[in-house]
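What follows is a short report on a single structure.
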Amino acid sequence: MRVHLGRRLHVAVTLGAAGALLAACGGGGPASGSSTKLTDNKIVLGVLNDQSGPYSQLGGKNVVVAMQMAIDDFKAKYGSKAITKNITVISADHQNKPDVAKTDAQQMYERQQVDAIFDVPTSSAALAVADVAKQDKRLYFNISGASDDLNGKSCNKYTYHWAYDTNMLAATTGIAATQNGDKNWYIIYPNYVFGQQMRDGFTAAIKSAGGTVVASADSPFPNPTEDFSSLLLKASTLSSKPDTLGVMHAGADLDNVVKQYNQFKLKDKGIKLVVGLMFITDINALGPDALAGTQFTDPWYWNFDQTNRAFADRFFAKTHARPSFADAANYSAAMNYLTTVQTVGSDNSDKVVAALDGKHINDVFLRNGTVRAADHLVTHDTYLAQVKPSSEVTEPWDYEKIVKTIPADQAYAPPSADCHM
Amino acid sequence: MAGFLEQTVNGLVNGGFYAMLALGLAVIFGMLGVVNFAHGACYMLGAYGAYVVLHSLGLPFWWALAIVPAVLLVFGMALERTLVARLTLLDPLYNFLLTFGVTLVLQAVVTWHFGPAANPYEPPAELAGALRVGSFVYPEYRLFVFGVAAFCCVLAWWTLSRTRVGVVVRAATERPELTRALGVNVGRWVTPVFGFGIALAALAGVLAAPVQAVSPLMGADLIIVVFAVVVIGGLGSIIGSVVTGFAVGVLTSWAQAYAPAVVGQLLIFVLMAVVLLVRPAGLFGTQEAPV
């Protein structure tokens, strides 16, 4: 047994080394003597996200489709003037593990000539990738990672935080719900950096709006039993009774919590549901009636206006699904990255950063968007949305009613003092 | 008080899943000496079976309760005949690796066909409501799950202790050589017992579909907890696995309600460590003399 494993390991290591050598040769070859300023005559975009676990549905492989749309649109826009025709997208599954994400990111930057990494849900994995980006001086456009550490104490010159952050979710949903009469909160959260920051962010926002958090409890992430019933039943055993259940879970975890919230009839016990972070794919998985009336913050909605809808139609033709805000944000970041490389005439990270910082952007995803130079958070208008009951749904995926637009400067807090570029 | 009662009942319901899975694992281990790592994947197949019966065949939940375990019974027997049987004479590690491989294949096939995401599955309309007694409120469907789990465990216990089949299986489990020497064809019972264990896992999967999300990895994580249950109860001990399954469910539920969350999450593994230190054969296991 041991002999076999040993031999196989040896072969694998040898093959790996040979592959690395080949990759190094291939990478070095065509760069010299090229007319463009691209280091290797091509642009490679890397998608690093969850393709098999609880967060695979909110983006996953559909993000690769959105990236390819950005590449196609870029080529169509610039035609023969494009800086290169050789633009590709590759992807890897980080399984929501920070150590896997770190190795994958190093592999992408150092072996696979990836110029910029995109997406990276799961805050702990996103923070690991931000570290690699900083070390390798390569660009990382974070889309799905929510932690405000990415633009706070872990911010760096090569990492942009494009779509949303935990502070923004707390400041919008938390304050709106508390002002709406949800005063006594019981918060449940997944026990890792995202959940902890959501708990802290919401607790601060609820207090500032005059509410209190009577208790909070956590579940492991990932949750091996996928059972949240004990956490939910705890609501009625608390000494001071909550009127609101604040759920800080995301993806498949959120779907399970909501399912079980409905089965245990917590609504009938006078405990209202508020969701910290929700993607349209969650509403689709649960069916709108399971969530009807629930208010949440959506950074982007496919059926908000004609621009969004046109993008969503093209996306639907390729995936048979409407895009989540993560899909649209990845498209936006990729498109802006490619256009900036085109304008600057180089894929040098420092030059791209210099051109992007401070830029004001309006595109299919960003409205009143600003790339903040101070902390690399991209602020933009966000939306307070409400889930429609199925009786009001007029077509598949038509699940949201936009209650109001929250202007960029109200949605996002000013740059954190902890961020030193 | 109602809160405490709700938590206890909820613990029994969760324990029902542990007990059904642990029972199948224990029977298979006892009869074949195989640690069936694919048990979690068969549980997952059961849940997907319920999903397919509803969405492709258009039949309600009740049909899935009968059809899916029957199909998985045949699948389990085929798996035993074609693969597991070839390795039973070798080191148990080989079958452990084989069933682990089968798990990966099953998960990959399901992910490939149905996608990695969770699929919604509603409880049957007849049981969608909740039982209310004063301030005690509990979903009817979950009570039904407890009922089915308890029924299966009692039935298995009755079969093993009161029927001729049970006598043979128990004898073959404890002293296979001696049983053979007495003229009982032990080999004849191996395949059906393996299939029965798998069918029980599939039944648990069908029951789980409306409670949890139906996703390719739903069994992969649960199996770790169930292994711990089997170790605590005593490898191969049927009554041990059932009692431990329910007990672990209730204890975990209480711990999650009244202790810091981390206690509830670690409890089962701490229990396992303590039991291994104090009674290495498990709470209900008997220390075997080396053969």
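Letters A, B, ... mark the chains of the structure tokens in the order given; residue numbers begin at 1 per chain; ligand numbers begin at 1, in order shown.
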
- Message: Give me, as a ChimeraX atom specification, the residues of chain A touching chain B, with the criterion being at most 7 Å (counting only C-alpha atoms).
- Response: /A:52-53,56-57,217-218,224-227,230,233-234,236-237,252,256,263-264,285-286

- Task: Using DSSP on the backbone coordinates, identify all residues within stretch 235-286 of chain A classified as strand (DSSP E or B); present the result as a ChimeraX atom specification.
- Result: /A:244-247,272-275

- Task: Between B:Ile268, B:Leu45, B:Val167, B:Leu79, single out the one closest to B:Val231, counting only C-alpha atoms.
- Result: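 Distance minimum relative to B:Val231 lands on B:Ile268.
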
- Contacts of A:Asn142 at 9 Å (only C-alpha atoms; same-chain gap of 5+ positions) as a list of chain:residue names: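 Counting only the stated atoms, we get A:Ile117, A:Phe118, A:Asp119, A:Val120, A:Pro121, A:Ala126, A:Ala130, A:Leu150, A:Thr159, A:Tyr160, A:His161, A:Trp162, A:Ala163, A:Asn330, A:Ala333.
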
- Message: Please list as number ranges by chain every residue within 8 Å of stretch 47-60 of chain B, counting only C-alpha atoms and excluding residues in the same chain fewer than 4 positions away.
- Response: B: 43, 64-65, 68, 121, 124, 202, 205-209, 214-215

- Message: If DSSP is run on the backbone, what residues of stretch 233-276 of chain A are alpha helix (DSSP H)? A reply as a ChimeraX atom specification would be ideal.
- Response: /A:233,251-263

Please write the residues from the selection above to a file, keeping N, CA and C atoms, as a PDB file, in the first residue's frame.
ATOM      1  N   LEU A 233     -35.361  27.249  17.254  1.00  0.00           N
ATOM      2  CA  LEU A 233     -36.203  26.998  18.432  1.00  0.00           C
ATOM      3  C   LEU A 233     -35.728  27.797  19.637  1.00  0.00           C
ATOM      4  N   GLY A 251     -26.316  31.899   0.704  1.00  0.00           N
ATOM      5  CA  GLY A 251     -26.322  30.746  -0.191  1.00  0.00           C
ATOM      6  C   GLY A 251     -27.223  29.626   0.312  1.00  0.00           C
ATOM      7  N   ALA A 252     -26.737  28.382   0.169  1.00  0.00           N
ATOM      8  CA  ALA A 252     -27.543  27.217   0.531  1.00  0.00           C
ATOM      9  C   ALA A 252     -27.897  27.212   2.016  1.00  0.00           C
ATOM     10  N   ASP A 253     -27.001  27.758   2.874  1.00  0.00           N
ATOM     11  CA  ASP A 253     -27.308  27.847   4.301  1.00  0.00           C
ATOM     12  C   ASP A 253     -28.561  28.685   4.526  1.00  0.00           C
ATOM     13  N   LEU A 254     -28.622  29.822   3.817  1.00  0.00           N
ATOM     14  CA  LEU A 254     -29.777  30.706   3.958  1.00  0.00           C
ATOM     15  C   LEU A 254     -31.054  29.973   3.531  1.00  0.00           C
ATOM     16  N   ASP A 255     -30.966  29.243   2.420  1.00  0.00           N
ATOM     17  CA  ASP A 255     -32.140  28.514   1.929  1.00  0.00           C
ATOM     18  C   ASP A 255     -32.657  27.560   3.001  1.00  0.00           C
ATOM     19  N   ASN A 256     -31.742  26.876   3.681  1.00  0.00           N
ATOM     20  CA  ASN A 256     -32.137  25.939   4.727  1.00  0.00           C
ATOM     21  C   ASN A 256     -32.757  26.649   5.923  1.00  0.00           C
ATOM     22  N   VAL A 257     -32.146  27.767   6.322  1.00  0.00           N
ATOM     23  CA  VAL A 257     -32.672  28.502   7.477  1.00  0.00           C
ATOM     24  C   VAL A 257     -34.103  28.957   7.192  1.00  0.00           C
ATOM     25  N   VAL A 258     -34.329  29.516   6.000  1.00  0.00           N
ATOM     26  CA  VAL A 258     -35.651  30.056   5.678  1.00  0.00           C
ATOM     27  C   VAL A 258     -36.691  28.934   5.629  1.00  0.00           C
ATOM     28  N   LYS A 259     -36.294  27.818   5.015  1.00  0.00           N
ATOM     29  CA  LYS A 259     -37.184  26.657   4.944  1.00  0.00           C
ATOM     30  C   LYS A 259     -37.616  26.254   6.358  1.00  0.00           C
ATOM     31  N   GLN A 260     -36.641  26.185   7.258  1.00  0.00           N
ATOM     32  CA  GLN A 260     -36.926  25.719   8.611  1.00  0.00           C
ATOM     33  C   GLN A 260     -37.668  26.787   9.423  1.00  0.00           C
ATOM     34  N   TYR A 261     -37.378  28.071   9.157  1.00  0.00           N
ATOM     35  CA  TYR A 261     -38.128  29.172   9.791  1.00  0.00           C
ATOM     36  C   TYR A 261     -39.619  29.025   9.480  1.00  0.00           C
ATOM     37  N   ASN A 262     -39.911  28.707   8.226  1.00  0.00           N
ATOM     38  CA  ASN A 262     -41.316  28.553   7.828  1.00  0.00           C
ATOM     39  C   ASN A 262     -41.938  27.308   8.454  1.00  0.00           C
ATOM     40  N   GLN A 263     -41.180  26.207   8.501  1.00  0.00           N
ATOM     41  CA  GLN A 263     -41.732  24.975   9.068  1.00  0.00           C
ATOM     42  C   GLN A 263     -42.047  25.121  10.563  1.00  0.00           C
TER      43      GLN A 263
END

- Tell me which protein, DNA and RNA residues are within 7 Å of A:Val274, counting only C-alpha atoms, leaving out same-chain ones fewer than 6 positions away, and put them as a list in words. Thr244, Leu245, Gly246, Val247, Thr294 and Gln295 of chain A

- Message: Please report the interatomic distance between atom CA of B:Ala172 and atom CA of B:Leu73 in Å with one decimal.
- Response: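 Separation of atom CA of B:Ala172 and atom CA of B:Leu73: 20.6 Å.
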
- Query: By how many Å are atom CA of A:Val44 and atom CA of A:Thr88 apart?
  - Reply: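 Separation between atom CA of A:Val44 and atom CA of A:Thr88: 5.0 Å.
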
- At what distance in Å, to one decimal, does atom CA of A:Leu238 lie from atom CA of A:Asp268? 16.7 Å

- Item | Residues near A:Arg322, cut-off 7 Å, only C-alpha atoms, skip fewer than 4 positions along chain, as a ChimeraX atom specification | /A:312,315-316,397

- Write out as a ChimeraX atom specification which residues come within 8 Å of A:Ala326 when counting only C-alpha atoms, dropping same-chain ones fewer than 6 positions away. /A:58-59,63,119,143-144,163
